[in-house]
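Visitor: Dropping in coords_3.pdb, with PDB, C-alpha atoms and all ligand atoms.
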ATOM      1  CA  SER A   1       0.000   0.000   0.000
ATOM      2  CA  SER A   2       1.036   3.596  -0.410
ATOM      3  CA  PRO A   3       2.227   5.400   2.744
ATOM      4  CA  GLU A   4      -1.096   7.319   2.802
ATOM      5  CA  ASP A   5      -3.070   4.064   3.033
ATOM      6  CA  LEU A   6      -1.119   3.215   6.145
ATOM      7  CA  GLY A   7      -1.620   6.600   7.783
ATOM      8  CA  GLY A   8       1.997   7.461   7.015
ATOM      9  CA  PHE A   9       3.244   4.410   8.912
ATOM     10  CA  PRO A  10       5.437   1.825   7.184
ATOM     11  CA  ARG A  11       4.275  -1.785   7.275
ATOM     12  CA  GLY A  12       5.055  -3.114  10.732
ATOM     13  CA  GLU A  13       6.912  -6.193  11.821
ATOM     14  CA  LEU A  14       6.663  -8.710  14.628
ATOM     15  CA  CYS A  15       9.530  -8.881  17.055
ATOM     16  CA  ARG A  16      10.352 -10.444  20.395
ATOM     17  CA  TYR A  17       9.230  -8.441  23.444
ATOM     18  CA  GLY A  18      12.080  -6.253  24.642
ATOM     19  CA  ASN A  19      13.220  -2.716  25.252
ATOM     20  CA  ILE A  20      12.814  -0.128  22.532
ATOM     21  CA  GLU A  21      15.178   2.661  21.658
ATOM     22  CA  LEU A  22      13.884   6.152  22.222
ATOM     23  CA  SER A  23      15.482   9.559  21.885
ATOM     24  CA  PRO A  24      15.898  11.290  25.280
ATOM     25  CA  SER A  25      14.291  14.331  23.624
ATOM     26  CA  SER A  26      11.330  12.394  22.218
ATOM     27  CA  GLY A  27       7.904  14.032  22.377
ATOM     28  CA  VAL A  28       6.518  11.210  24.488
ATOM     29  CA  LEU A  29       9.198  11.410  27.201
ATOM     30  CA  ASN A  30       9.236  15.196  27.419
ATOM     31  CA  TYR A  31       5.693  16.291  26.678
ATOM     32  CA  ALA A  32       3.625  13.107  27.198
ATOM     33  CA  GLN A  33       2.651  12.983  23.546
ATOM     34  CA  GLY A  34       1.264   9.483  23.712
ATOM     35  CA  LEU A  35      -1.945   7.476  23.477
ATOM     36  CA  PHE A  36      -2.805   3.914  24.314
ATOM     37  CA  GLU A  37      -5.607   1.391  23.970
ATOM     38  CA  GLY A  38      -6.560  -1.672  25.967
ATOM     39  CA  MET A  39      -8.233  -4.709  24.428
ATOM     40  CA  LYS A  40      -8.718  -8.401  25.119
ATOM     41  CA  ALA A  41      -8.610 -11.501  22.902
ATOM     42  CA  TYR A  42     -10.659 -14.428  24.250
ATOM     43  CA  ARG A  43     -10.393 -18.082  23.389
ATOM     44  CA  ARG A  44     -13.596 -19.054  21.597
ATOM     45  CA  ALA A  45     -15.952 -21.451  23.344
ATOM     46  CA  ASP A  46     -17.468 -23.076  20.278
ATOM     47  CA  ARG A  47     -15.216 -23.609  17.289
ATOM     48  CA  GLY A  48     -11.678 -22.826  18.375
ATOM     49  CA  GLY A  49      -9.707 -19.732  17.487
ATOM     50  CA  TYR A  50      -9.919 -16.388  19.208
ATOM     51  CA  THR A  51     -12.234 -13.412  19.305
ATOM     52  CA  LEU A  52     -11.681  -9.715  19.617
ATOM     53  CA  PHE A  53     -14.453  -7.445  20.820
ATOM     54  CA  ARG A  54     -15.233  -4.440  18.580
ATOM     55  CA  PRO A  55     -11.561  -3.729  17.759
ATOM     56  CA  GLU A  56     -12.536  -1.077  15.218
ATOM     57  CA  GLU A  57     -13.941   0.965  18.113
ATOM     58  CA  ASN A  58     -10.490   1.046  19.723
ATOM     59  CA  ALA A  59      -8.964   1.969  16.354
ATOM     60  CA  LYS A  60     -11.423   4.847  15.949
ATOM     61  CA  ARG A  61     -10.816   6.033  19.499
ATOM     62  CA  MET A  62      -7.074   6.094  18.854
ATOM     63  CA  ARG A  63      -7.630   8.102  15.673
ATOM     64  CA  TYR A  64      -9.860  10.551  17.556
ATOM     65  CA  GLY A  65      -7.259  10.903  20.310
ATOM     66  CA  ALA A  66      -4.424  11.304  17.798
ATOM     67  CA  GLU A  67      -6.119  14.372  16.383
ATOM     68  CA  ARG A  68      -6.223  15.945  19.879
ATOM     69  CA  MET A  69      -2.600  14.979  20.561
ATOM     70  CA  CYS A  70      -1.318  16.232  17.157
ATOM     71  CA  MET A  71      -0.229  12.827  15.871
ATOM     72  CA  PRO A  72      -0.968  10.827  12.734
ATOM     73  CA  ALA A  73      -2.638   7.491  13.506
ATOM     74  CA  PRO A  74      -2.865   4.105  11.797
ATOM     75  CA  SER A  75      -5.978   3.553   9.699
ATOM     76  CA  VAL A  76      -8.756   1.446  11.249
ATOM     77  CA  GLU A  77      -7.820  -1.413   8.937
ATOM     78  CA  GLN A  78      -4.122  -1.181   9.721
ATOM     79  CA  PHE A  79      -4.838  -1.049  13.460
ATOM     80  CA  VAL A  80      -7.170  -4.070  13.412
ATOM     81  CA  ASN A  81      -4.821  -6.106  11.212
ATOM     82  CA  ALA A  82      -1.891  -5.349  13.507
ATOM     83  CA  VAL A  83      -3.947  -6.448  16.525
ATOM     84  CA  LYS A  84      -4.951  -9.696  14.781
ATOM     85  CA  GLU A  85      -1.336 -10.447  13.864
ATOM     86  CA  THR A  86      -0.280  -9.818  17.447
ATOM     87  CA  VAL A  87      -2.930 -12.255  18.711
ATOM     88  CA  LEU A  88      -1.844 -14.955  16.259
ATOM     89  CA  ALA A  89       1.836 -14.497  17.088
ATOM     90  CA  ASN A  90       1.009 -14.869  20.790
ATOM     91  CA  ARG A  91      -1.675 -17.530  20.492
ATOM     92  CA  ARG A  92      -0.024 -19.913  22.945
ATOM     93  CA  TRP A  93      -0.412 -17.248  25.622
ATOM     94  CA  VAL A  94      -4.187 -16.908  25.287
ATOM     95  CA  PRO A  95      -5.583 -18.411  28.527
ATOM     96  CA  PRO A  96      -8.138 -21.259  28.393
ATOM     97  CA  GLN A  97     -11.820 -20.367  28.046
ATOM     98  CA  GLY A  98     -13.148 -18.712  31.189
ATOM     99  CA  LYS A  99      -9.683 -18.332  32.755
ATOM    100  CA  GLY A 100      -8.867 -14.906  31.368
ATOM    101  CA  ALA A 101      -7.775 -13.324  28.134
ATOM    102  CA  LEU A 102      -4.816 -12.070  26.164
ATOM    103  CA  TYR A 103      -4.601  -8.375  26.960
ATOM    104  CA  LEU A 104      -3.410  -6.198  24.071
ATOM    105  CA  ARG A 105      -1.866  -2.808  24.526
ATOM    106  CA  PRO A 106      -1.558  -0.652  21.384
ATOM    107  CA  LEU A 107       0.614   2.450  21.930
ATOM    108  CA  LEU A 108       1.043   5.485  19.715
ATOM    109  CA  MET A 109       3.723   7.984  20.631
ATOM    110  CA  GLY A 110       5.748  10.927  19.458
ATOM    111  CA  SER A 111       9.080   9.102  19.296
ATOM    112  CA  GLY A 112      11.073  11.683  17.338
ATOM    113  CA  PRO A 113      13.267  14.324  19.021
ATOM    114  CA  ILE A 114      11.772  17.712  19.834
ATOM    115  CA  LEU A 115      13.364  20.247  22.166
ATOM    116  CA  GLY A 116      10.966  23.197  22.021
ATOM    117  CA  LEU A 117       7.309  22.505  22.805
ATOM    118  CA  ALA A 118       5.856  21.227  19.522
ATOM    119  CA  PRO A 119       4.587  17.953  18.067
ATOM    120  CA  ALA A 120       7.355  15.388  17.568
ATOM    121  CA  PRO A 121       8.634  14.920  14.003
ATOM    122  CA  GLU A 122       8.313  11.087  14.066
ATOM    123  CA  TYR A 123       5.840   8.610  15.504
ATOM    124  CA  THR A 124       5.854   5.005  16.617
ATOM    125  CA  PHE A 125       2.883   2.666  16.797
ATOM    126  CA  LEU A 126       3.398  -0.646  18.568
ATOM    127  CA  ILE A 127       1.340  -3.352  20.239
ATOM    128  CA  TYR A 128       2.405  -5.649  23.051
ATOM    129  CA  ALA A 129       0.453  -8.485  24.617
ATOM    130  CA  ALA A 130       0.233 -10.164  28.011
ATOM    131  CA  PRO A 131      -2.041 -12.913  29.362
ATOM    132  CA  VAL A 132      -4.363 -11.697  32.131
ATOM    133  CA  GLY A 133      -6.592 -13.624  34.500
ATOM    134  CA  ASN A 134     -10.140 -12.562  35.229
ATOM    135  CA  TYR A 135     -10.084  -9.201  36.965
ATOM    136  CA  PHE A 136     -11.979 -10.706  39.889
ATOM    137  CA  LYS A 137     -11.074 -14.296  40.681
ATOM    138  CA  GLU A 138     -14.549 -15.285  41.844
ATOM    139  CA  GLY A 139     -16.239 -13.773  38.802
ATOM    140  CA  LEU A 140     -18.392 -10.844  39.749
ATOM    141  CA  ALA A 141     -16.901  -9.424  42.969
ATOM    142  CA  PRO A 142     -18.433  -6.184  44.258
ATOM    143  CA  ILE A 143     -16.088  -3.221  44.611
ATOM    144  CA  ASN A 144     -15.903  -0.345  47.104
ATOM    145  CA  LEU A 145     -15.362   3.170  45.787
ATOM    146  CA  VAL A 146     -14.525   6.445  47.456
ATOM    147  CA  VAL A 147     -15.618   9.756  45.953
ATOM    148  CA  GLU A 148     -12.694  12.071  45.576
ATOM    149  CA  ASP A 149     -13.584  15.738  45.634
ATOM    150  CA  GLY A 150     -10.026  16.973  46.238
ATOM    151  CA  PHE A 151      -8.505  15.408  43.119
ATOM    152  CA  HIS A 152      -9.923  15.651  39.614
ATOM    153  CA  ARG A 153      -9.260  13.592  36.540
ATOM    154  CA  ALA A 154     -10.056  16.132  33.856
ATOM    155  CA  MET A 155     -11.068  19.709  33.128
ATOM    156  CA  PRO A 156     -13.379  20.932  30.360
ATOM    157  CA  GLY A 157     -11.154  21.607  27.360
ATOM    158  CA  GLY A 158      -8.513  19.197  28.665
ATOM    159  CA  THR A 159      -7.778  15.666  27.520
ATOM    160  CA  GLY A 160     -10.145  13.610  29.693
ATOM    161  CA  GLY A 161     -12.035  12.440  26.605
ATOM    162  CA  VAL A 162      -9.020  10.823  24.963
ATOM    163  CA  LYS A 163      -6.916   7.911  26.111
ATOM    164  CA  THR A 164      -3.658   9.781  26.501
ATOM    165  CA  ILE A 165      -0.945   8.436  28.779
ATOM    166  CA  ALA A 166      -0.923  11.901  30.390
ATOM    167  CA  ASN A 167      -4.280  11.199  32.082
ATOM    168  CA  TYR A 168      -3.017   8.297  34.134
ATOM    169  CA  ALA A 169      -0.030   9.507  36.186
ATOM    170  CA  PRO A 170      -2.216  12.173  37.891
ATOM    171  CA  VAL A 171      -4.640   9.548  39.249
ATOM    172  CA  LEU A 172      -1.927   7.414  40.874
ATOM    173  CA  LYS A 173      -1.783   9.492  44.053
ATOM    174  CA  ALA A 174      -5.557   9.518  44.555
ATOM    175  CA  GLN A 175      -5.728   5.801  43.786
ATOM    176  CA  MET A 176      -2.930   4.924  46.212
ATOM    177  CA  ASP A 177      -4.514   6.989  48.984
ATOM    178  CA  ALA A 178      -7.843   5.231  48.370
ATOM    179  CA  LYS A 179      -6.262   1.768  48.379
ATOM    180  CA  SER A 180      -4.373   2.495  51.602
ATOM    181  CA  LYS A 181      -7.763   3.167  53.218
ATOM    182  CA  GLY A 182      -9.155  -0.139  51.931
ATOM    183  CA  PHE A 183     -11.123   1.132  48.917
ATOM    184  CA  THR A 184     -10.906  -0.531  45.529
ATOM    185  CA  ASP A 185     -10.705   2.695  43.541
ATOM    186  CA  VAL A 186     -11.692   6.356  43.273
ATOM    187  CA  LEU A 187     -14.871   7.792  41.762
ATOM    188  CA  TYR A 188     -14.214  11.275  40.397
ATOM    189  CA  LEU A 189     -16.592  14.226  40.334
ATOM    190  CA  ASP A 190     -16.497  16.985  37.735
ATOM    191  CA  ALA A 191     -13.960  19.727  38.439
ATOM    192  CA  VAL A 192     -16.319  22.682  37.917
ATOM    193  CA  HIS A 193     -19.399  21.951  40.066
ATOM    194  CA  LYS A 194     -17.804  19.143  42.129
ATOM    195  CA  ARG A 195     -21.220  17.529  41.944
ATOM    196  CA  TYR A 196     -21.551  15.406  38.813
ATOM    197  CA  LEU A 197     -20.118  11.921  38.412
ATOM    198  CA  GLU A 198     -17.367  11.484  35.863
ATOM    199  CA  GLU A 199     -15.736   8.059  36.003
ATOM    200  CA  VAL A 200     -13.418   5.786  37.958
ATOM    201  CA  SER A 201      -9.621   5.671  37.292
ATOM    202  CA  SER A 202     -10.007   3.177  34.451
ATOM    203  CA  CYS A 203     -13.717   2.473  34.014
ATOM    204  CA  ASN A 204     -17.056   4.169  33.409
ATOM    205  CA  VAL A 205     -19.855   4.336  35.953
ATOM    206  CA  PHE A 206     -23.608   3.608  35.796
ATOM    207  CA  VAL A 207     -26.420   4.058  38.350
ATOM    208  CA  VAL A 208     -29.710   2.153  38.357
ATOM    209  CA  LYS A 209     -32.941   3.454  39.900
ATOM    210  CA  GLY A 210     -36.193   1.617  39.255
ATOM    211  CA  GLY A 211     -35.962   0.382  35.651
ATOM    212  CA  VAL A 212     -33.833   3.343  34.606
ATOM    213  CA  VAL A 213     -30.119   2.978  33.930
ATOM    214  CA  ALA A 214     -28.182   6.275  33.834
ATOM    215  CA  THR A 215     -24.571   7.053  32.996
ATOM    216  CA  PRO A 216     -22.681  10.352  32.725
ATOM    217  CA  ALA A 217     -22.817  11.799  29.210
ATOM    218  CA  THR A 218     -19.423  12.054  27.504
ATOM    219  CA  ARG A 219     -18.805  15.793  27.424
ATOM    220  CA  GLY A 220     -15.094  15.704  26.680
ATOM    221  CA  THR A 221     -14.010  15.002  30.259
ATOM    222  CA  ILE A 222     -14.596  11.251  30.422
ATOM    223  CA  LEU A 223     -13.470   8.419  28.207
ATOM    224  CA  ALA A 224     -16.110   7.037  25.850
ATOM    225  CA  GLY A 225     -15.646   3.395  26.848
ATOM    226  CA  VAL A 226     -16.274   0.641  24.341
ATOM    227  CA  THR A 227     -17.825  -1.413  27.148
ATOM    228  CA  ARG A 228     -19.968   1.577  28.178
ATOM    229  CA  LYS A 229     -21.310   1.938  24.627
ATOM    230  CA  SER A 230     -22.018  -1.793  24.374
ATOM    231  CA  VAL A 231     -23.736  -1.964  27.773
ATOM    232  CA  ILE A 232     -25.955   1.001  26.853
ATOM    233  CA  GLU A 233     -27.106  -0.921  23.759
ATOM    234  CA  LEU A 234     -27.579  -4.234  25.573
ATOM    235  CA  ALA A 235     -29.539  -2.614  28.428
ATOM    236  CA  THR A 236     -31.780  -0.814  25.920
ATOM    237  CA  ASP A 237     -32.400  -4.112  24.062
ATOM    238  CA  ARG A 238     -33.354  -5.732  27.344
ATOM    239  CA  GLY A 239     -36.057  -3.137  27.967
ATOM    240  CA  TYR A 240     -34.329  -0.729  30.323
ATOM    241  CA  LYS A 241     -34.637   2.986  29.813
ATOM    242  CA  VAL A 242     -31.060   4.213  29.430
ATOM    243  CA  GLU A 243     -30.145   7.846  29.969
ATOM    244  CA  GLU A 244     -26.851   9.526  29.097
ATOM    245  CA  ARG A 245     -26.988  12.744  31.075
ATOM    246  CA  LEU A 246     -25.546  14.658  34.000
ATOM    247  CA  VAL A 247     -25.651  12.235  36.930
ATOM    248  CA  SER A 248     -25.203  13.966  40.275
ATOM    249  CA  ILE A 249     -23.760  12.534  43.461
ATOM    250  CA  ASP A 250     -27.299  12.800  44.904
ATOM    251  CA  ASP A 251     -28.585  10.575  42.064
ATOM    252  CA  LEU A 252     -25.937   8.048  43.023
ATOM    253  CA  ILE A 253     -26.766   8.131  46.734
ATOM    254  CA  ASP A 254     -30.433   7.593  45.837
ATOM    255  CA  ALA A 255     -29.683   4.694  43.399
ATOM    256  CA  ASP A 256     -30.608   1.019  43.922
ATOM    257  CA  GLU A 257     -27.513  -0.206  42.093
ATOM    258  CA  VAL A 258     -24.197   1.190  40.912
ATOM    259  CA  PHE A 259     -21.811  -0.570  38.533
ATOM    260  CA  CYS A 260     -18.670   0.104  36.505
ATOM    261  CA  THR A 261     -17.769  -0.955  32.966
ATOM    262  CA  GLY A 262     -14.448  -1.348  31.176
ATOM    263  CA  THR A 263     -12.297  -3.784  29.223
ATOM    264  CA  ALA A 264     -10.465  -4.833  32.399
ATOM    265  CA  VAL A 265     -13.401  -5.007  34.853
ATOM    266  CA  VAL A 266     -16.051  -5.923  32.200
ATOM    267  CA  VAL A 267     -19.117  -5.120  34.385
ATOM    268  CA  ALA A 268     -18.304  -4.685  38.076
ATOM    269  CA  PRO A 269     -21.031  -4.200  40.687
ATOM    270  CA  VAL A 270     -20.294  -1.517  43.278
ATOM    271  CA  SER A 271     -21.339  -2.480  46.787
ATOM    272  CA  THR A 272     -20.371   0.725  48.612
ATOM    273  CA  VAL A 273     -19.552   4.328  47.765
ATOM    274  CA  THR A 274     -18.059   6.535  50.475
ATOM    275  CA  TYR A 275     -18.728  10.262  50.029
ATOM    276  CA  GLN A 276     -17.687  12.887  52.578
ATOM    277  CA  GLY A 277     -17.079  10.162  55.137
ATOM    278  CA  GLN A 278     -20.545   8.573  54.702
ATOM    279  CA  ARG A 279     -20.742   5.038  53.364
ATOM    280  CA  HIS A 280     -23.654   4.267  51.025
ATOM    281  CA  THR A 281     -24.554   0.659  50.218
ATOM    282  CA  PHE A 282     -26.045  -0.689  46.980
ATOM    283  CA  ARG A 283     -27.645  -3.921  45.793
ATOM    284  CA  THR A 284     -25.316  -6.586  44.410
ATOM    285  CA  GLY A 285     -25.624 -10.297  43.668
ATOM    286  CA  PRO A 286     -28.093 -12.338  41.616
ATOM    287  CA  ASP A 287     -31.199 -10.566  40.245
ATOM    288  CA  THR A 288     -29.354  -7.323  39.700
ATOM    289  CA  VAL A 289     -29.119  -5.357  36.475
ATOM    290  CA  SER A 290     -25.315  -5.505  36.624
ATOM    291  CA  GLN A 291     -25.355  -9.311  36.878
ATOM    292  CA  GLU A 292     -27.757  -9.537  33.932
ATOM    293  CA  LEU A 293     -25.617  -7.230  31.791
ATOM    294  CA  TYR A 294     -22.388  -8.997  32.804
ATOM    295  CA  THR A 295     -23.799 -12.352  31.689
ATOM    296  CA  THR A 296     -25.214 -10.934  28.458
ATOM    297  CA  LEU A 297     -21.961  -9.194  27.530
ATOM    298  CA  THR A 298     -19.510 -11.953  28.455
ATOM    299  CA  SER A 299     -21.618 -14.584  26.651
ATOM    300  CA  ILE A 300     -21.175 -12.615  23.430
ATOM    301  CA  GLN A 301     -17.475 -11.916  24.071
ATOM    302  CA  MET A 302     -16.640 -15.576  24.676
ATOM    303  CA  GLY A 303     -18.754 -16.951  21.865
ATOM    304  CA  LEU A 304     -21.258 -18.630  24.240
ATOM    305  CA  ALA A 305     -24.208 -16.662  22.830
ATOM    306  CA  GLU A 306     -25.025 -15.752  19.249
ATOM    307  CA  ASP A 307     -23.429 -12.436  18.312
ATOM    308  CA  LYS A 308     -26.432 -10.804  16.650
ATOM    309  CA  LYS A 309     -24.730  -7.437  16.519
ATOM    310  CA  GLY A 310     -21.565  -8.547  14.776
ATOM    311  CA  TRP A 311     -19.424  -7.219  17.624
ATOM    312  CA  THR A 312     -16.932 -10.054  17.728
ATOM    313  CA  VAL A 313     -14.136 -10.423  15.232
ATOM    314  CA  ALA A 314     -12.710 -13.892  14.718
ATOM    315  CA  VAL A 315      -8.945 -14.286  14.598
TER     316      VAL A 315
HETATM  317  N1  LIG B   1     -12.402   5.305  31.547
HETATM  318  C1  LIG B   1     -11.057   5.293  31.596
HETATM  319  C2  LIG B   1     -10.351   6.456  32.176
HETATM  320  C3  LIG B   1     -10.350   4.181  31.106
HETATM  321  O1  LIG B   1      -9.012   4.153  31.157
HETATM  322  C4  LIG B   1     -11.068   3.083  30.562
HETATM  323  C5  LIG B   1     -10.334   1.882  30.043
HETATM  324  N2  LIG B   1     -10.026   2.010  28.677
HETATM  325  C6  LIG B   1     -12.482   3.156  30.524
HETATM  326  C7  LIG B   1     -13.102   4.287  31.031
HETATM  327  C8  LIG B   1     -13.303   2.045  29.937
HETATM  328  O2  LIG B   1     -13.161   2.009  28.532
HETATM  329  P1  LIG B   1     -13.319   0.625  27.735
HETATM  330  O3  LIG B   1     -14.670   0.117  28.037
HETATM  331  O4  LIG B   1     -13.160   1.019  26.304
HETATM  332  O5  LIG B   1     -12.244  -0.272  28.223
END
Please lay out the structure from this file as structure tokens.

Guide:
Amino acid sequence: SSPEDLGGFPRGELCRYGNIELSPSSGVLNYAQGLFEGMKAYRRADRGGYTLFRPEENAKRMRYGAERMCMPAPSVEQFVNAVKETVLANRRWVPPQGKGALYLRPLLMGSGPILGLAPAPEYTFLIYAAPVGNYFKEGLAPINLVVEDGFHRAMPGGTGGVKTIANYAPVLKAQMDAKSKGFTDVLYLDAVHKRYLEEVSSCNVFVVKGGVVATPATRGTILAGVTRKSVIELATDRGYKVEERLVSIDDLIDADEVFCTGTAVVVAPVSTVTYQGQRHTFRTGPDTVSQELYTTLTSIQMGLAEDKKGWTVAV
């Protein structure tokens, strides 16, 4: 293909996992000009082989983020093909059905040297893979969140809506503080009103009240999760009213159920949320909306249920 077909990137190659060479003055090291994605390849239940879940959504999200971070990005086709090749090259590392997945980490970075603040002159796109177990060993284990109103993840006009590496170092301190107090993770509020839910460090959040499922609208400060988008569609299909809107902390306190979604956690029920020192408890276990959506989603991802939406891609 011509260089344009490949988004300006030469055809890639497979190599053994190892260190890469990077200029000390690269854009990524100096100005955090970098993006990543996170995906999973599952071993198929029915007819062997592997499945990816909506990989073109990750490709599109990387392209969207690349525009914000002033980088060229691989085409959707190039991205998906590179992911497939990575899965095949690492097929012996894909865990058995039900025991986890092969996690894939595409990275796009400004790898060329740049001293003054400007986009780097060269870019590198790479993918590495690692087997991961199920996020929660016993399947669906409820998590405990703490609302953080002293730290924020993103500001309007910032980069909260793209998956840049620069969004993750700032949450480490809040996350470590939360873990040291026995919480699983932090739930962030918006930085302007300090009132509306945004997301957790690496997953989106939903609240359920009556038959209504609500999740914060993506207004540029939260990541538009692929799992979030899929769960919205599955919940709608199953007869729930789904609202993407401003969801306040009061809505959460008043909710019957709270759950998180993401590639790593899939669908994780939240059993408690601590806000201003008060612990609020929510329904978990069988007969919950989160359990129903977890089962529906994972059945499609693992090839146990018919994929009527064409979300899975066979490798
Ligand atoms: N929010 C943040 C900040 C994340 O890092 C992730 C993980 N990619 C998500 C939400 C969930 O997105 P997805 O469902 O695409 O994994």

Visitor: Please write out, as lines of an AutoDock Vina configuration file, where the centre of an axis-aligned box around all listed atoms of range 229-247 of chain A lies and how long its edges are, in Å to one decimal, after adding 4 Å on each side.

Guide:
center_x = -28.7
center_y = 4.5
center_z = 30.3
size_x = 22.7
size_y = 28.4
size_z = 21.2

Visitor: Return the single residue from A:Asp185, A:Asp149, A:Asp177, A:Glu67 that is closest to ligand LIG 1 (chain B), with distances computed using only C-alpha atoms and all ligand atoms.

Guide: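 Answer, going by the shortest atom-to-atom distance: A:Asp185.
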
Visitor: Taking all atoms listed in the file into account, which residues are within 7 Å of ligand LIG 1 (chain B), as a PDB file with C-alpha atoms, keeping the file's coordinate frame?

Guide:
ATOM      1  CA  GLU A  37      -5.607   1.391  23.970  1.00  0.00           C
ATOM      2  CA  GLY A  38      -6.560  -1.672  25.967  1.00  0.00           C
ATOM      3  CA  LYS A 163      -6.916   7.911  26.111  1.00  0.00           C
ATOM      4  CA  GLU A 199     -15.736   8.059  36.003  1.00  0.00           C
ATOM      5  CA  VAL A 200     -13.418   5.786  37.958  1.00  0.00           C
ATOM      6  CA  SER A 201      -9.621   5.671  37.292  1.00  0.00           C
ATOM      7  CA  SER A 202     -10.007   3.177  34.451  1.00  0.00           C
ATOM      8  CA  CYS A 203     -13.717   2.473  34.014  1.00  0.00           C
ATOM      9  CA  ASN A 204     -17.056   4.169  33.409  1.00  0.00           C
ATOM     10  CA  ILE A 222     -14.596  11.251  30.422  1.00  0.00           C
ATOM     11  CA  LEU A 223     -13.470   8.419  28.207  1.00  0.00           C
ATOM     12  CA  ALA A 224     -16.110   7.037  25.850  1.00  0.00           C
ATOM     13  CA  GLY A 225     -15.646   3.395  26.848  1.00  0.00           C
ATOM     14  CA  VAL A 226     -16.274   0.641  24.341  1.00  0.00           C
ATOM     15  CA  THR A 227     -17.825  -1.413  27.148  1.00  0.00           C
ATOM     16  CA  ARG A 228     -19.968   1.577  28.178  1.00  0.00           C
ATOM     17  CA  THR A 261     -17.769  -0.955  32.966  1.00  0.00           C
ATOM     18  CA  GLY A 262     -14.448  -1.348  31.176  1.00  0.00           C
ATOM     19  CA  THR A 263     -12.297  -3.784  29.223  1.00  0.00           C
ATOM     20  CA  ALA A 264     -10.465  -4.833  32.399  1.00  0.00           C
TER      21      ALA A 264
END

Visitor: Quick one: of A:Ala101, A:Leu107, A:Val247, A:Ile127, who's nearest to Gly12 in chain A, counting only C-alpha atoms?

Guide: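 Of all the options, A:Ile127 lies closest to Gly12 in chain A.
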
Visitor: For CA of Leu52 in chain A and CA of Glu292 in chain A, determine how far apart the two atoms are, in Å to one decimal place.

Guide: 21.5 Å

Visitor: Do you have the CA of Gly211 in chain A-CA of Leu293 in chain A distance handy?

Guide: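 Taking CA of Gly211 in chain A as the start and CA of Leu293 in chain A as the end point, the length is 13.4 Å.
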
Visitor: Out of A:Ser75, A:Asn81, A:Ser111, A:Gln175, which residue has the shortest atom-to-atom distance to Ser23 in chain A when counting only C-alpha atoms?

Guide: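 The closest residue to Ser23 in chain A is A:Ser111.
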
Visitor: List the neighbours of Val212 in chain A out to 10 Å using only C-alpha atoms; skip same-chain residues closer than 3 positions along the sequence, and give me the result as a list in words.

Guide: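 Counting only C-alpha atoms, the residues come to Val207, Val208, Lys209, Ala235, Thr236, Gly239, Tyr240, Lys241, Val242, Glu243 and Ala255 of chain A.
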
Visitor: Generate a file of the selected residues that holds C-alpha atoms, formatted as a CSV table (one decimal), in the coordinates of the input.

Guide:
chain,number,residue,atom,x,y,z
A,207,VAL,CA,-26.4,4.1,38.4
A,208,VAL,CA,-29.7,2.2,38.4
A,209,LYS,CA,-32.9,3.5,39.9
A,235,ALA,CA,-29.5,-2.6,28.4
A,236,THR,CA,-31.8,-0.8,25.9
A,239,GLY,CA,-36.1,-3.1,28.0
A,240,TYR,CA,-34.3,-0.7,30.3
A,241,LYS,CA,-34.6,3.0,29.8
A,242,VAL,CA,-31.1,4.2,29.4
A,243,GLU,CA,-30.1,7.8,30.0
A,255,ALA,CA,-29.7,4.7,43.4

Visitor: For this file, the PyMOL selection byres (((chain A and resi 192) around 10) and not hetatm) selects which residues, as a list in words?

Guide: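 Selected by the PyMOL selection byres (((chain A and resi 192) around 10) and not hetatm) in this file: His152, Ala154, Met155, Pro156, Leu189, Asp190, Ala191, His193, Lys194, Arg195 and Tyr196 of chain A.
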
Visitor: Which residues come within 6 Å of Thr272 in chain A, counting only C-alpha atoms, excluding same-chain residues fewer than 6 positions away, as number ranges by chain?

Guide: A: 144, 280-281

Visitor: Can you turn the PyMOL selection byres (((chain A and resi 14) around 12) and not hetatm) into a concrete residue list for this file, as a PyMOL selection string?

Guide: chain A and resi 11-13+15-18+82-90+126-129

Visitor: Can I get the selection written as a short mmCIF file (atom, residue, chain, number, x, y, z; two decimals), in the frame of the given file, with C-alpha atoms?

Guide:
data_model
loop_
_atom_site.label_atom_id
_atom_site.label_comp_id
_atom_site.auth_asym_id
_atom_site.auth_seq_id
_atom_site.Cartn_x
_atom_site.Cartn_y
_atom_site.Cartn_z
CA ARG A 11 4.28 -1.78 7.28
CA GLY A 12 5.06 -3.11 10.73
CA GLU A 13 6.91 -6.19 11.82
CA CYS A 15 9.53 -8.88 17.06
CA ARG A 16 10.35 -10.44 20.40
CA TYR A 17 9.23 -8.44 23.44
CA GLY A 18 12.08 -6.25 24.64
CA ALA A 82 -1.89 -5.35 13.51
CA VAL A 83 -3.95 -6.45 16.52
CA LYS A 84 -4.95 -9.70 14.78
CA GLU A 85 -1.34 -10.45 13.86
CA THR A 86 -0.28 -9.82 17.45
CA VAL A 87 -2.93 -12.26 18.71
CA LEU A 88 -1.84 -14.96 16.26
CA ALA A 89 1.84 -14.50 17.09
CA ASN A 90 1.01 -14.87 20.79
CA LEU A 126 3.40 -0.65 18.57
CA ILE A 127 1.34 -3.35 20.24
CA TYR A 128 2.40 -5.65 23.05
CA ALA A 129 0.45 -8.48 24.62
#
